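Here's the structure, in structure tokens; my notes come after.
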Amino acid sequence: MTARTPSVSPPPAASPMPRGPLIAMFAAVGIALAGAAAVRLSGVDIREPDAPAAVVRELRFIDLPDGGVGVIDVRDGVRIATFEGENGFLRSTLRGMARERKRSGIGEEPPFELVGRADGRLTLIDPSTKRVIDLESFGPTNAAVFARLLPPAPQRP
């Protein structure tokens, strides 16, 4: 008796993906990228317009000797708040605004505008550099840091 070796057949060739759907997928991605680029390069503002300002407060932020941050209401020159310690969100927001001012050769004197909008959103604006930060984008906890700098809303009867 002779031993038979079982015949081993090669694995079936992997069937390539059909070309039609593959071309259609690449075309869809290309069209989406071209559309996004066209809108971006056209200069069209796709942001939703801001709600009207309900309250605006002009503020100056000063570094204190103990490492805190003092907040001065520019209209009456009174310190309305003091932030002690690190206070990360406030510091990082102001650091970014100060960096922009330094690049533009603007000092610390011009005030920032904190705007409370009719829809409850908050915006920090640097009129000197035209930089605008929508504070609600960073979540309610971070926006609340700045919200406490606005005067209390008038009570409705």
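Starting from 1 in every chain, residues are counted up; chains themselves are A, B, ... following the order of the structure tokens, and ligands are numbered from 1 as listed.
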
Close residues, region 78-89 of chain A itself excluded, 10 Å, only C-alpha atoms, min 3 positions apart in chain, as a PyMOL selection string: chain A and resi 59-64+66-75+92-95+138+141-143+145-146+148-151

All strand (DSSP E or B) residues (DSSP, backbone) inside region 6-81 of chain A, as a list in words: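 Taking region 6-81 of chain A and keeping strand (DSSP E or B) gives Ala53, Ala54, Val55, Val56, Arg57, Glu58, Leu59, Arg60, Phe61, Ile62, Asp63, Val69, Gly70, Val71, Ile72, Asp73, Val78, Arg79, Ile80 and Ala81 of chain A.
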
Expected answer as a PyMOL selection string: alpha helix (DSSP H) residues in region 8-142 of chain A: chain A and resi 19-42+88-104+140-142

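Distance-wise, CA of Ala54 (chain A) and CA of Glu109 (chain A) end up 24.9 Å apart.
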
For region 97-103 of chain A: contacts at 8 Å, only C-alpha atoms, fewer than 4 positions along chain excluded, given as a count of residues only: 7

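CA of Gly35 (chain A) to CA of Asp50 (chain A) spans 25.2 Å [interatomic distance, one decimal].
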
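Taking CA of Ala32 (chain A) as the reference point, CA of Asp134 (chain A) is found at 27.5 Å.
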